[in-house]
Every structure is written in C-alpha cells, then in structure tokens.
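Input: a single structure, listed below in structure tokens.
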Amino acid sequence: MDLTWSPLEQAFRDDVRGWLAANVPAEPLPSGDTAEGFARHLEWERKLFDARWAVVSWPEEFGGRGASLWEWLIFEEEYYRAGAPQRVTQNGIFLLAPTIFEFGTAEQQARYLPKMASGEESWCQGWSEPDAGSDLAGIRSTATRDDTAGGWRLNGQKTWTTRGSFCTHLFGLFRTDPAAERHRGLTYFLVPLDAPGVTVRGFGRLDGDEGFAEVFFEDALVTDDLVLGGVDQGWSVAMATTGSERGLTLRSPGRFMATADRLVGLYRERGTGAVDGALRGRVAQAYIDAEAYRLQTLQTVTRVIAGDPPGVESSLTKVFWSELDVELHEAALGLLGHEAELEGPWMKGYEFALSGPIYAGTNEIQRNVIAERVLGLPRK
Amino acid sequence: MEFAFTDDQLAFRDAVRDLLAKECPPAAVRTAWDNADGRSGGAWNALGEMGVLGALVPESGGGLGLTELDVVLLAEEAGRAALPEPFVEHVLVAAPLAAAEYPGLATGELSASAGDPLIPWAAAVDVLVRLDPDPVVASTDGATLAPEESVDGARRLAVLTGAPTARALTRAELSTAFWRGNLGYAAQLLGLSRHMLDLTVAYVIERKQFGVPIGSFQAIKHHLADVRIGIEFAAPLVYRAAASLTTDDPDAALHVSMAKAQAAEVAMQTTRAALQCHGAIGYSYEYDLHLWMKRAWALAGSWGDAAWHRDRVARAILDGTDQPEEQ
C-alpha cells in the first residue's frame with residue numbers, strides 16, 4: 001500500500017492547478033441549465049478543450065492527454081477545488097464517450113469524439129420515457145426499418161432529458177424488434193436533434209431552471225451509421241454507460257471533497273459557538289463520509305489498473321455518493337439556520353443533490369441490485 | 001499510489017482465517033461463555049505457533065517485526081470469528097509495548113491484555129496494560145483486580161486497582177497503545193459485521209414465509225444492502241488508518257478516529273439489521289447471532305465510541321486545533 005503521489009503525478013497536479021488558477025472565471029457563470037448559461041459554459045468548455053484539459057483521460061488524437069486514471073482523479077480534485085464551472089458536456093464525455101470507445105466504429109469515433117470534447121456538439125441522454133423510468137426495459141419508442149430511405153424511422157417520446165433544450169444530439173434506446181420483449185430488441189442510436197420529425201420541448205426542474213426536456217419523434221429518419229454497437233444490441237451497449245454513470249467517471253470524489261471543504265469553511269465562518277453538538281457531529285460525519293468515498297475510489301482505481309474492471313459494485317458507489325451529497329448539503333443548511341431559505345449556492349446545491357438518489361437508477365433499484373447481485377438474495 | 005494489500009499480507013490473512021475456521025468455530029465461542037477463563041485455549045496456542053502473537057514485536061525481541069498494515073487484516077479475521085481472546089490487546093497493544101520486559105509475550109508463552117479502563121480476560125493473562133487512570137504496564141502476579149460482568153459472556157472484565165510491579169507508561173507509549181488498540185478494534189468491528197451479514201444472508205435465503213424466501217422481500221433486501229454499503233465505505237478508512245500508523249503519518253490519530261467512528265457505526269447498524277432480518281430466532285439465546293452482536297456492542301463502545309471519535313475528528317477539522325492525541 002502506497003498512499004502517496006509520485007513526482008510525475010505531483011507535477012501533473014501543479015500543471016492543472018496552475019492553469020485553473022489563471023483561467024477559472026472569477027465570477028461564477030450563470031446556471032448551465034439555462035439557455036444563456038449553457039452558451040457561456042460551452043465557451044468555457046472550448047477553452048478547456050483548446051488547452052487540452054477537457055478530456056484528460058482520452059487519447060491525444062481525440063483531444064485528450066492519454067492521462068492515467070490517477071491523473072484523471074487528480075484533475076478532478078483540482079477542478080472542483082478551484083470552483084471551476086459545472087461540466088455541461090458531462091453526459092457526452094462521461095456517459096456516451098466510454099460507450100463509443102468500447103462499441104463505436106473507427107469512423108464513429110473520429111466523427112463524434114473530438115466535437116463532443118470541444119463542445120461543438122453537445123449530447124443529452126434519451127433513455128427515460130413516460131412509462132419507462134427505473135424500469136428502463138419498458139421502453140416503447142420504436143425504430144422501424146425504412147429500406148427506401150436507407151435507415152430507421154423513430155417514433156415515440158423521451159422525457160426527463162437533461163439539458164435537452166440546449167443540446168445538438170441525443171443518444172438513446174429505441175425498440176427495433178417489435179416482437180421482442182423487455183431487454184431484447186432494443187438498439188442504441190445517435191440522433192441529431194435537428195433531424196426533421198424531432199421536436200424538443202423544455203420544462204423546468206425542481207429549481208426552476210429549464211434543465212429538463214421532453215423529446216418527440218415522428219417518423220424521424222436516422223441513417224445506419226447512427227447505430228452504435230449493432231441492431232438489437234442496445235441493452236448491453238447501454239449497460240456499459242450505466243456502469244460509468246453509477247460508478248467511477250461521473251461522480252469523482254473531487255466534487256464531494258470540495259463540497260466537504262466548503263462545508264468546513266462555512267462552519268468556521270458561522271461562529272462555532274452557536275453550533276450545537278449534534279449539528280457539529282453531522283458536519284464531522286459528512287466530512288468522514290467524503291473521505292470514505294475518496295478512499296474507496298482509490299481502492300477501486302487500484303483494482304481497475306490491475307485489470308479488474310468495476311462491475312455490479314458500482315451500485316454500492318451510486319447509493320453512497322448520492323446520499324453523501326444530500327448529507328453534505330443538509331449539514332450546510334443546518335449551519336445556515338434561518339438563512340437556509342435564501343437563494344444561494346447551498347440551497348441550489350441542495351436542490352441538485354436531491355436529484356442524485358433518483359437519477360441513474362433510483363437508490364431503491366440500486367439496493368435491489370446490491371441485494372440480488374452482490375449479496376445473492378433471490379429475485380422472487 | 002496503490003491502495004491494496006500485498007500478496008504476502010493477503011496470504012497471512014488467509015492463513016489466519018483458515019486457522020480460526022478450524023480452531024475457533026462458533027461452538028468454541030459459545031464454550032468460552034461458560035468455561036473457567038472465557039478463552040479459546042486451542043486457537044490462541046495455534047496463533048502463537050504461527051508467530052501472530054509477536055507480529056509487532058521487533059525480530060531482535062523474538063517477534064516478526066511486522067507493521068500495523070500487516071496485522072490489520074488479522075484483527076479483522078479475529079473479529080469475523082468472534083475469537084474469545086485478547087487478540088488486539090495482546091498483538092497490537094501489549095506485546096510491542098512490553099516484550100522487552102516480558103519476553104514471553106513475543107512467542108505467546110505469556111499472554112497480555114489491556115483496558116481503558118475495563119480490561120477483558122484480565123485474570124486469565126500474565127501481563128496487563130491499563131491506559132486509564134494512571135497508565136501502567138504490570139504483571140498480574142500480586143495484582144488486585146475488581147471484576148465486572150460484561151454483556152459479552154466471554155469477555156471476563158476487571159479493573160486493575162493495584163499492582164506491585166506496575167511501571168508507568170511514557171506519553172509516547174500511551175499514545176501508540178491507544179491508537180493501535182483503536183485500529184485493532186475498528187478492524188475487529190469490520191470482521192464482526194462481515195460475519196453477521198454473511199450469517200443473515202444465508203438465513204434469509206433459507207427461511208421461507210408466505211411461500212417464498214424472506215430474502216426476496218424488498219424490506220429485507222434494503223436492510224442488508226445498507227449493511228453491505230456501510231461495510232464497503234468503512235473498510236477503506238480502517239485500512240488507511242493502518243497505513244498511516246505504519247508510516248507515522250502526522251494525521252495518523254485523526255485517521256484512526258475516522259476509522260473507529262465509522263466501523264463502530266456500521267457494526268451497530270449491522271447488529272440491528274441482522275437481528276431484525278432473523279426475527280425471533282435471532283432473539284433466542286441458543287442461536288449464535290447474539291455472540292457476535294454482543295462482541296460488537298462491547299467493542300463499539302470501548303476505547304472511545306463513535307461519538308467520542310467523531311468529536312476528535314470535529315476538533316481537528318473544524319476547530320483547526322492540533323490533531324487529536326491520546327485521550
């Protein structure tokens with residue numbers, strides 16, 4: 001066991017920190033879940049990309065640095081420590097990109113990855129439907145073969161599509177075999193949102209920002225080169241992204257460590273004398289949990305580097321980080337007392353944190369997965 | 001950066017796990033509740049033969065010269081087996097502290113225990129370490145002990161009230177003993193939790209009600225998933241604390257407090273979930289679960305409970321005072 005960083009990793013950290021110190025906007029950008037804020041965030045993403053910090057772990061040919069997983073963790077720590085803007089490209093670079101790396105053709109990789117990394121094209125996720133949420137296999141949207149047009153006709157509706165109003169593309173699951181049931185007969189498509197027959201309607205999230213959208217498909221044509229990973233193979237292709245979303249790549253410990261540090265800062269600033277013992281204990285516990293999450297990630301990364309990829313254990317991680325995020329924000333609101341209701345970063349962060357136990361598979365579903373697939377309890 | 005144990009460390013753990021599976025089955029734990037000294041007999045001797053009892057004693061003193069990182073998984077195994085022996089008290093606390101004065105501690109020829117202030121198996125060992133009040137190391141020869149009854153029938157407790165051979169501990173000795181002991185208890189609590197989870201998983205798969213295994217009910221699944229999550233995120237804190245003690249990290253005491261707080265919380269959560277998922281059978285004296293539960297209760301509260309250690313963490317991170325020291 002060696003819990004120290006090598007000189008090369010330290011140097012990498014210094015590089016990241018130096019660049020961020022010189023470039024992170026002094027004033028926070030407007031919310032990336034509004035039209036104006038999204039555009040401002042894309043400018044920031046372009047800046048990151050031009051300096052090759054947008055996707056550090058990707059190969060250089062696609063705009064990355066070929067960074068190791070350790071370096072990626074260091075980048076994330078520094079990014080959140082610096083208070084840098086939210087990553088509005090995250091659903092592309094963290095959820096879709098790993099799937100394209102694994103299942104995409106060379107042409108698809110060259111066509112989509114660099115533009116995704118630069119923010120020139122932005123991606124939203126088209127999985128949930130009005131009748132398919134946690135029960136994702138209940139998807140009803142269809143893709144019907146149209147040989148005359150040389151592609152597939154999409155019909156149906158997606159919903160809860162994060163930043164769908166602002167993105168240029170959607171990756172989603174559609175039923176290509178109407179006779180197949182549940183997990184079978186689904187196909188993973190890459191869909192330009194400006195295609196004829198696609199209509200996007202934005203709507204407000206809990207916090208009032210237009211961060212959600214529903215997307216309607218009426219005979220929208222997608223060509224064969226927009227199939228990712230094979231017709232009727234959509235479920236197994238999608239599960240690769242789900243693993244990323246729940247586990248390692250979307251919620252790096254850096255985010256929660258930065259929140260924990262801000263919580264400690266808030267405690268010190270708020271006058272320690274007025275804080276009761278129970279609240280003080282909650283602050284300390286939230287900090288310990290953030291540390292636990294960081295250390296568990298170090299353990300996981302060590303295993304991944306040794307050739308043991310994360311599997312169903314990602315469900316453990318998803319429950320923990322999403323509830324940790326709520327715990328951190330609840331402690332902060334407790335410290336703020338009567339000022340907790342004021343619109344500000346902690347309340348905004350709390351509203352966002354509350355989505356964590358719901359998205360990427362509700363925590364109730366995750367607990368079922370843990371019980372059945374980690375502990376081996378019977379499904380029925 | 002590498003957060004993993006070495007093959008040697010894992011092999012040592014496996015050897016101890018096998019030894020305890022053979023020498024300390026649940027029946028041996030139950031026997032220790034009713035026998036004369038509360039101890040296992042056979043398992044202790046076997047651990048001595050393997051060298052485990054002198055693991056932290058320098059080779060020059062007849063020990064193995066190993067580190068906290070090398071023994072943390074062994075303490076976890078002792079917890080998993082609910083070994084009725086002063087394992088942590090001897091291996092992590094007393095032997096490295098007093099082997100120079102009592103050389104038999106390195107080989108297991110002599111055995112030791114330690115307490116803060118309640119000392120388990122005090123009358124059944126040769127050497128005692130008392131951390132509070134007036135930290136001393138002493139021979140049990142001529143010592144006066146005030147017995148106390150533990151909820152864990154194997155842990156024969158006593159307070160050391162007088163000893164003609166007592167030697168005062170230095171501040172450094174006390175600090176090392178206290179943090180090593182807490183690390184060992186945290187590891188044992190992890191092992192106890194893992195066993196209680198395994199036992200409960202096996203039971204809820206077997207037990208049928210309403211025509212189906214009760215493990216198919218979501219309420220049961222969610223209790224046990226929460227325990228599994230708790231263990232998953234306590235273990236790395238415990239292992240990190242072992243690494244920090246091994247490397248004399250300036251934050252080692254803070255790291256041990258985080259580990260003990262988390263391990264104690266998850267162990268208490270596990271006892272509740274395990275009992276609830278078992279139902280009435282778990283509440284019966286004849287069933288083994290309570291042996292593990294009571295050990296967990298005892299260790300969770302000893303040498304600082306979760307709230308006490310969390311307060312040490314709070315002082316360090318919130319008040320910016322010095323890192324927590326011993327007591």
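Each chain in the structure tokens gets a letter, A, B, ..., in the order shown, and its residues are numbered from 1; ligands are numbered from 1 in order too.
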
Worksheet item: Can you list, as number ranges by chain, every residue of range 102-278 of chain B that DSSP puts in alpha helix (DSSP H)?
Response: B: 104-107, 171-206, 218-232, 235-246, 252-278

Worksheet item: Which residues of chain B are close to chain A, meaning at most 9 Å apart when you count only C-alpha atoms, and how do they look as a PyMOL selection string?
Response: chain B and resi 1-6+69+198+201-202+204-205+212-218+220-226+228-230+232-237+240+243-244+258-259+261-262+307+310-311+313-315+317-319

Practice prompt. Work out how far apart CA of Val129 in chain B and CA of Ala114 in chain B are and give it in Å to one decimal.
Written response: 4.4 Å

Worksheet item: In terms of the shortest atom-to-atom distance over only C-alpha atoms, which of A:Asp308, A:Asp177, A:Glu121, A:Asp209 is closest to Arg163 in chain A?
Response: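 For Arg163 in chain A, the nearest of the given residues is A:Asp209.
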
Fill in: Expected answer as a ChimeraX atom specification: strand (DSSP E) residues in range 89-191 of chain A
/A:123-126,142-146,151-158,169-175,186-191

Practice prompt. Excluding Leu97 in chain B and residues on its chain fewer than 5 positions from it, collect all residues at most 10 Å away from it, counting only C-alpha atoms, and give them as a PyMOL selection string.
Written response: chain B and resi 56-57+90-92+102+105+129+137+169+173-174+176-177

Discussion item. Please list as a list in words every residue within 12 Å of Asp131 in chain A, counting only C-alpha atoms and excluding residues in the same chain fewer than 3 positions away.
Written reply: Trp127, Ser128, Ser134, Asp135, Leu136, Ala137, Gly138, Ile139, Arg140, Ser141, Gly156, Gln157, Lys158, Thr159 and Trp160 of chain A

Residues from the last selection, all heavy atoms, saved as a compact mmCIF listing (two decimals), in the first residue's frame:
# COMPACT_ATOMS: atom_id res chain seq x y z
N TRP A 127 -33.09 8.13 -22.59
CA TRP A 127 -33.43 6.80 -22.10
C TRP A 127 -34.84 6.78 -21.52
O TRP A 127 -35.69 6.02 -21.95
CB TRP A 127 -32.42 6.34 -21.03
CG TRP A 127 -31.11 5.95 -21.63
CD1 TRP A 127 -30.70 6.17 -22.91
CD2 TRP A 127 -30.04 5.27 -20.98
NE1 TRP A 127 -29.45 5.68 -23.10
CE2 TRP A 127 -29.01 5.12 -21.94
CE3 TRP A 127 -29.84 4.80 -19.69
CZ2 TRP A 127 -27.81 4.49 -21.64
CZ3 TRP A 127 -28.64 4.17 -19.39
CH2 TRP A 127 -27.65 4.01 -20.35
N SER A 128 -35.06 7.63 -20.52
CA SER A 128 -36.35 7.59 -19.84
C SER A 128 -37.48 7.96 -20.78
O SER A 128 -37.32 8.79 -21.68
CB SER A 128 -36.35 8.57 -18.67
OG SER A 128 -35.49 8.13 -17.66
N SER A 134 -37.26 3.86 -13.86
CA SER A 134 -36.40 2.83 -13.27
C SER A 134 -36.55 1.52 -14.04
O SER A 134 -35.59 0.76 -14.16
CB SER A 134 -36.79 2.60 -11.81
OG SER A 134 -36.37 3.68 -11.01
N ASP A 135 -37.73 1.28 -14.55
CA ASP A 135 -37.97 0.07 -15.36
C ASP A 135 -37.63 0.39 -16.81
O ASP A 135 -38.50 0.47 -17.67
CB ASP A 135 -39.44 -0.34 -15.21
CG ASP A 135 -39.74 -1.65 -15.93
OD1 ASP A 135 -38.77 -2.33 -16.35
OD2 ASP A 135 -40.92 -1.97 -16.07
N LEU A 136 -36.34 0.56 -17.06
CA LEU A 136 -35.88 1.04 -18.36
C LEU A 136 -36.25 0.08 -19.50
O LEU A 136 -36.45 0.50 -20.64
CB LEU A 136 -34.36 1.25 -18.31
CG LEU A 136 -33.75 1.92 -19.53
CD1 LEU A 136 -34.32 3.30 -19.75
CD2 LEU A 136 -32.24 2.00 -19.37
N ALA A 137 -36.35 -1.21 -19.17
CA ALA A 137 -36.65 -2.18 -20.22
C ALA A 137 -38.08 -2.02 -20.75
O ALA A 137 -38.46 -2.66 -21.72
CB ALA A 137 -36.44 -3.59 -19.70
N GLY A 138 -38.85 -1.14 -20.12
CA GLY A 138 -40.22 -0.89 -20.60
C GLY A 138 -40.28 0.12 -21.74
O GLY A 138 -41.37 0.61 -22.06
N ILE A 139 -39.16 0.42 -22.35
CA ILE A 139 -39.10 1.41 -23.44
C ILE A 139 -40.06 1.05 -24.57
O ILE A 139 -40.13 -0.10 -25.01
CB ILE A 139 -37.65 1.49 -23.97
CG1 ILE A 139 -36.81 2.33 -23.01
CG2 ILE A 139 -37.60 2.04 -25.39
CD1 ILE A 139 -35.34 2.35 -23.33
N ARG A 140 -40.83 2.08 -25.04
CA ARG A 140 -41.80 1.85 -26.11
C ARG A 140 -41.45 2.57 -27.39
O ARG A 140 -42.02 2.27 -28.43
CB ARG A 140 -43.18 2.34 -25.66
CG ARG A 140 -43.77 1.51 -24.55
CD ARG A 140 -45.16 2.03 -24.26
NE ARG A 140 -45.70 1.43 -23.06
CZ ARG A 140 -46.87 1.77 -22.54
NH1 ARG A 140 -47.58 2.72 -23.12
NH2 ARG A 140 -47.30 1.19 -21.46
N SER A 141 -40.59 3.57 -27.34
CA SER A 141 -40.22 4.29 -28.57
C SER A 141 -39.65 3.29 -29.57
O SER A 141 -38.89 2.40 -29.20
CB SER A 141 -39.17 5.36 -28.28
OG SER A 141 -39.73 6.38 -27.49
N GLY A 156 -42.07 8.04 -31.07
CA GLY A 156 -42.25 7.90 -29.63
C GLY A 156 -41.81 9.14 -28.88
O GLY A 156 -41.66 10.22 -29.47
N GLN A 157 -41.60 8.97 -27.58
CA GLN A 157 -41.27 10.13 -26.74
C GLN A 157 -40.25 9.76 -25.66
O GLN A 157 -40.37 8.72 -25.01
CB GLN A 157 -42.55 10.64 -26.05
CG GLN A 157 -42.31 11.86 -25.16
CD GLN A 157 -43.51 12.21 -24.29
OE1 GLN A 157 -44.59 11.67 -24.48
NE2 GLN A 157 -43.30 13.10 -23.34
N LYS A 158 -39.28 10.63 -25.50
CA LYS A 158 -38.34 10.55 -24.38
C LYS A 158 -38.64 11.70 -23.42
O LYS A 158 -39.17 12.74 -23.84
CB LYS A 158 -36.90 10.66 -24.88
CG LYS A 158 -36.48 9.53 -25.82
CD LYS A 158 -36.39 8.22 -25.08
CE LYS A 158 -36.00 7.07 -26.00
NZ LYS A 158 -35.94 5.79 -25.24
N THR A 159 -38.28 11.51 -22.16
CA THR A 159 -38.54 12.61 -21.22
C THR A 159 -37.48 12.66 -20.12
O THR A 159 -36.62 11.79 -20.06
CB THR A 159 -39.96 12.50 -20.62
OG1 THR A 159 -40.27 13.72 -19.93
CG2 THR A 159 -40.06 11.33 -19.65
N TRP A 160 -37.55 13.69 -19.29
CA TRP A 160 -36.57 13.99 -18.24
C TRP A 160 -35.17 14.13 -18.85
O TRP A 160 -34.17 13.79 -18.22
CB TRP A 160 -36.51 12.92 -17.14
CG TRP A 160 -37.82 12.34 -16.73
CD1 TRP A 160 -38.16 11.02 -16.75
CD2 TRP A 160 -38.96 13.02 -16.22
NE1 TRP A 160 -39.44 10.85 -16.30
CE2 TRP A 160 -39.96 12.07 -15.97
CE3 TRP A 160 -39.24 14.36 -15.96
CZ2 TRP A 160 -41.21 12.39 -15.47
CZ3 TRP A 160 -40.49 14.69 -15.46
CH2 TRP A 160 -41.46 13.71 -15.22

Discussion item. I'd like the contact shell of Phe178 in chain B - 12 Å cut-off, only C-alpha atoms, skipping same-chain residues fewer than 5 positions apart - returned as an NGL selection string.
Written reply: :B and (88-89 or 92-94 or 97 or 114-117 or 129-132 or 135 or 169 or 171-173 or 183-185 or 245 or 252-253 or 256-257 or 260 or 302-304 or 324-327)

Output the selection as an mmCIF file, in the first residue's frame - N, CA and C atoms for each residue.
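Output below, filename result.cif:
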data_model
loop_
_atom_site.group_PDB
_atom_site.id
_atom_site.type_symbol
_atom_site.label_atom_id
_atom_site.label_comp_id
_atom_site.auth_asym_id
_atom_site.auth_seq_id
_atom_site.Cartn_x
_atom_site.Cartn_y
_atom_site.Cartn_z
ATOM 1 N N VAL B 88 -6.443 -8.157 20.010
ATOM 2 C CA VAL B 88 -5.954 -6.794 19.770
ATOM 3 C C VAL B 88 -5.132 -6.314 20.960
ATOM 4 N N GLU B 89 -5.617 -6.623 22.161
ATOM 5 C CA GLU B 89 -4.955 -6.144 23.369
ATOM 6 C C GLU B 89 -3.532 -6.707 23.465
ATOM 7 N N LEU B 92 -1.593 -5.990 19.251
ATOM 8 C CA LEU B 92 -1.348 -4.600 18.837
ATOM 9 C C LEU B 92 -0.914 -3.700 19.980
ATOM 10 N N VAL B 93 -1.341 -4.025 21.205
ATOM 11 C CA VAL B 93 -1.093 -3.098 22.306
ATOM 12 C C VAL B 93 0.055 -3.576 23.207
ATOM 13 N N ALA B 94 -0.160 -4.708 23.889
ATOM 14 C CA ALA B 94 0.741 -5.048 24.991
ATOM 15 C C ALA B 94 2.073 -5.642 24.525
ATOM 16 N N LEU B 97 4.579 -3.230 23.263
ATOM 17 C CA LEU B 97 4.919 -2.263 24.307
ATOM 18 C C LEU B 97 5.825 -2.884 25.372
ATOM 19 N N ALA B 114 -5.305 -5.585 27.816
ATOM 20 C CA ALA B 114 -5.218 -4.137 28.021
ATOM 21 C C ALA B 114 -6.613 -3.576 28.131
ATOM 22 N N GLY B 115 -6.750 -2.444 28.845
ATOM 23 C CA GLY B 115 -8.069 -1.851 29.010
ATOM 24 C C GLY B 115 -8.012 -0.371 29.278
ATOM 25 N N ASP B 116 -9.170 0.244 29.058
ATOM 26 C CA ASP B 116 -9.247 1.703 29.139
ATOM 27 C C ASP B 116 -10.557 2.138 29.761
ATOM 28 N N PRO B 117 -10.885 1.826 30.993
ATOM 29 C CA PRO B 117 -10.071 1.101 31.972
ATOM 30 C C PRO B 117 -10.479 -0.368 32.107
ATOM 31 N N VAL B 129 -2.009 -4.091 30.631
ATOM 32 C CA VAL B 129 -1.757 -2.684 30.322
ATOM 33 C C VAL B 129 -3.026 -1.922 30.653
ATOM 34 N N ARG B 130 -2.872 -0.920 31.511
ATOM 35 C CA ARG B 130 -4.010 -0.066 31.859
ATOM 36 C C ARG B 130 -3.738 1.318 31.285
ATOM 37 N N LEU B 131 -4.673 1.789 30.442
ATOM 38 C CA LEU B 131 -4.473 3.105 29.827
ATOM 39 C C LEU B 131 -5.030 4.218 30.683
ATOM 40 N N ASP B 132 -6.018 3.869 31.519
ATOM 41 C CA ASP B 132 -6.687 4.922 32.278
ATOM 42 C C ASP B 132 -7.290 4.309 33.526
ATOM 43 N N PRO B 135 -1.743 5.411 33.472
ATOM 44 C CA PRO B 135 -1.322 4.362 32.531
ATOM 45 C C PRO B 135 -0.111 3.579 33.042
ATOM 46 N N LEU B 169 3.559 4.150 32.073
ATOM 47 C CA LEU B 169 3.829 4.274 30.640
ATOM 48 C C LEU B 169 4.306 5.688 30.334
ATOM 49 N N ARG B 171 4.446 8.944 27.792
ATOM 50 C CA ARG B 171 3.403 9.556 26.973
ATOM 51 C C ARG B 171 3.377 8.916 25.581
ATOM 52 N N ALA B 172 4.552 8.677 25.030
ATOM 53 C CA ALA B 172 4.630 8.086 23.689
ATOM 54 C C ALA B 172 4.067 6.663 23.690
ATOM 55 N N GLU B 173 4.389 5.903 24.727
ATOM 56 C CA GLU B 173 3.869 4.534 24.819
ATOM 57 C C GLU B 173 2.350 4.534 24.891
ATOM 58 N N LEU B 183 -7.303 1.056 16.337
ATOM 59 C CA LEU B 183 -7.247 0.486 14.988
ATOM 60 C C LEU B 183 -7.682 -0.976 15.017
ATOM 61 N N GLY B 184 -7.156 -1.707 15.985
ATOM 62 C CA GLY B 184 -7.483 -3.128 16.088
ATOM 63 C C GLY B 184 -8.963 -3.357 16.345
ATOM 64 N N TYR B 185 -9.550 -2.529 17.206
ATOM 65 C CA TYR B 185 -10.986 -2.669 17.472
ATOM 66 C C TYR B 185 -11.805 -2.336 16.225
ATOM 67 N N LEU B 245 -0.611 4.730 10.492
ATOM 68 C CA LEU B 245 0.178 4.372 11.674
ATOM 69 C C LEU B 245 1.513 3.770 11.252
ATOM 70 N N ALA B 252 -2.118 10.439 11.591
ATOM 71 C CA ALA B 252 -2.493 9.050 11.877
ATOM 72 C C ALA B 252 -3.613 8.962 12.922
ATOM 73 N N ALA B 253 -3.515 9.750 13.983
ATOM 74 C CA ALA B 253 -4.537 9.662 15.038
ATOM 75 C C ALA B 253 -5.902 10.090 14.505
ATOM 76 N N VAL B 256 -7.254 7.240 12.522
ATOM 77 C CA VAL B 256 -7.781 6.152 13.352
ATOM 78 C C VAL B 256 -9.146 6.533 13.917
ATOM 79 N N SER B 257 -9.292 7.782 14.327
ATOM 80 C CA SER B 257 -10.594 8.197 14.854
ATOM 81 C C SER B 257 -11.683 8.081 13.784
ATOM 82 N N LYS B 260 -12.424 4.314 13.491
ATOM 83 C CA LYS B 260 -13.159 3.725 14.616
ATOM 84 C C LYS B 260 -14.593 4.227 14.635
ATOM 85 N N SER B 302 -15.878 0.547 23.410
ATOM 86 C CA SER B 302 -14.590 0.555 24.108
ATOM 87 C C SER B 302 -13.594 1.509 23.458
ATOM 88 N N TRP B 303 -12.781 2.107 24.272
ATOM 89 C CA TRP B 303 -11.682 2.967 23.827
ATOM 90 C C TRP B 303 -12.204 4.138 22.991
ATOM 91 N N GLY B 304 -13.335 4.659 23.376
ATOM 92 C CA GLY B 304 -13.963 5.762 22.650
ATOM 93 C C GLY B 304 -15.011 5.238 21.700
ATOM 94 N N PRO B 324 -5.866 15.198 17.122
ATOM 95 C CA PRO B 324 -6.196 14.557 18.390
ATOM 96 C C PRO B 324 -5.022 13.707 18.885
ATOM 97 N N GLU B 325 -4.757 13.820 20.170
ATOM 98 C CA GLU B 325 -3.764 12.928 20.748
ATOM 99 C C GLU B 325 -4.480 11.901 21.586
ATOM 100 N N GLU B 326 -3.745 11.152 22.335
ATOM 101 C CA GLU B 326 -4.393 10.137 23.152
ATOM 102 C C GLU B 326 -5.204 10.833 24.236
ATOM 103 N N GLN B 327 -6.430 10.413 24.391
ATOM 104 C CA GLN B 327 -7.289 10.858 25.498
ATOM 105 C C GLN B 327 -7.284 12.358 25.718
#

Discussion item. So that I can see what lies close to Glu85 in chain B, please list as a PyMOL selection string the residues with an atom at most 8 Å from it, counting only C-alpha atoms and leaving out residues fewer than 3 positions away in the same chain.
Written reply: chain B and resi 38-40+44+121

What does the file look like for those residues with all heavy atoms, as a short mmCIF file (atom, residue, chain, number, x, y, z; two decimals), in the first residue's frame?
data_model
loop_
_atom_site.label_atom_id
_atom_site.label_comp_id
_atom_site.auth_asym_id
_atom_site.auth_seq_id
_atom_site.Cartn_x
_atom_site.Cartn_y
_atom_site.Cartn_z
N GLY B 38 -12.96 -17.94 29.94
CA GLY B 38 -13.51 -17.18 28.82
C GLY B 38 -12.68 -17.23 27.56
O GLY B 38 -12.98 -16.54 26.60
N ARG B 39 -11.64 -18.07 27.55
CA ARG B 39 -10.73 -18.08 26.41
C ARG B 39 -10.87 -19.36 25.60
O ARG B 39 -11.50 -20.32 26.02
CB ARG B 39 -9.30 -17.88 26.90
CG ARG B 39 -9.13 -16.55 27.62
CD ARG B 39 -7.70 -16.30 28.03
NE ARG B 39 -6.80 -16.33 26.89
CZ ARG B 39 -5.48 -16.21 26.99
NH1 ARG B 39 -4.91 -16.05 28.18
NH2 ARG B 39 -4.73 -16.24 25.92
N SER B 40 -10.23 -19.34 24.41
CA SER B 40 -10.42 -20.44 23.47
C SER B 40 -9.48 -21.61 23.73
O SER B 40 -9.77 -22.74 23.36
CB SER B 40 -10.16 -19.95 22.05
OG SER B 40 -8.78 -19.69 21.87
N TRP B 44 -5.58 -19.83 20.52
CA TRP B 44 -4.51 -18.95 20.99
C TRP B 44 -3.15 -19.61 20.80
O TRP B 44 -2.20 -18.99 20.31
CB TRP B 44 -4.75 -18.60 22.45
CG TRP B 44 -3.87 -17.50 22.98
CD1 TRP B 44 -2.80 -17.64 23.82
CD2 TRP B 44 -3.97 -16.11 22.69
NE1 TRP B 44 -2.24 -16.43 24.09
CE2 TRP B 44 -2.93 -15.45 23.40
CE3 TRP B 44 -4.83 -15.34 21.90
CZ2 TRP B 44 -2.74 -14.07 23.36
CZ3 TRP B 44 -4.63 -13.96 21.85
CH2 TRP B 44 -3.60 -13.34 22.58
N TRP B 121 -10.54 -10.34 30.00
CA TRP B 121 -9.71 -11.51 30.32
C TRP B 121 -8.56 -11.16 31.28
O TRP B 121 -7.49 -11.76 31.24
CB TRP B 121 -9.15 -12.15 29.04
CG TRP B 121 -10.23 -12.69 28.15
CD1 TRP B 121 -10.92 -13.84 28.32
CD2 TRP B 121 -10.73 -12.10 26.93
NE1 TRP B 121 -11.84 -14.00 27.30
CE2 TRP B 121 -11.74 -12.95 26.45
CE3 TRP B 121 -10.43 -10.92 26.24
CZ2 TRP B 121 -12.46 -12.66 25.29
CZ3 TRP B 121 -11.13 -10.64 25.09
CH2 TRP B 121 -12.14 -11.50 24.62
#

Worksheet item: What's the 6 Å shell around range 34-51 of chain A, counting only C-alpha atoms, without same-chain residues fewer than 5 positions away, as a list in words?
Response: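 What passes the distance filter is Ser118, Gly119, Asp209 and Glu210 of chain A.
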
Please produce a file of the residues just selected, as a compact mmCIF listing (two decimals), in the first residue's frame, where the atoms kept are C-alpha atoms.
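Generated output (again-v7.txt):
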# COMPACT_ATOMS: atom_id res chain seq x y z
CA SER A 118 -14.76 20.65 -27.75
CA GLY A 119 -18.45 21.27 -27.04
CA ASP A 209 -34.22 26.16 -14.42
CA GLU A 210 -35.20 24.75 -17.78

Fill in: Among the residues A:Val88, A:Cys124, A:Leu333, A:Met257, the one that comes closest to Glu351 in chain A [using only C-alpha atoms]
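Going through A:Val88, A:Cys124, A:Leu333, A:Met257 one by one, the smallest distance to Glu351 in chain A is for A:Leu333.
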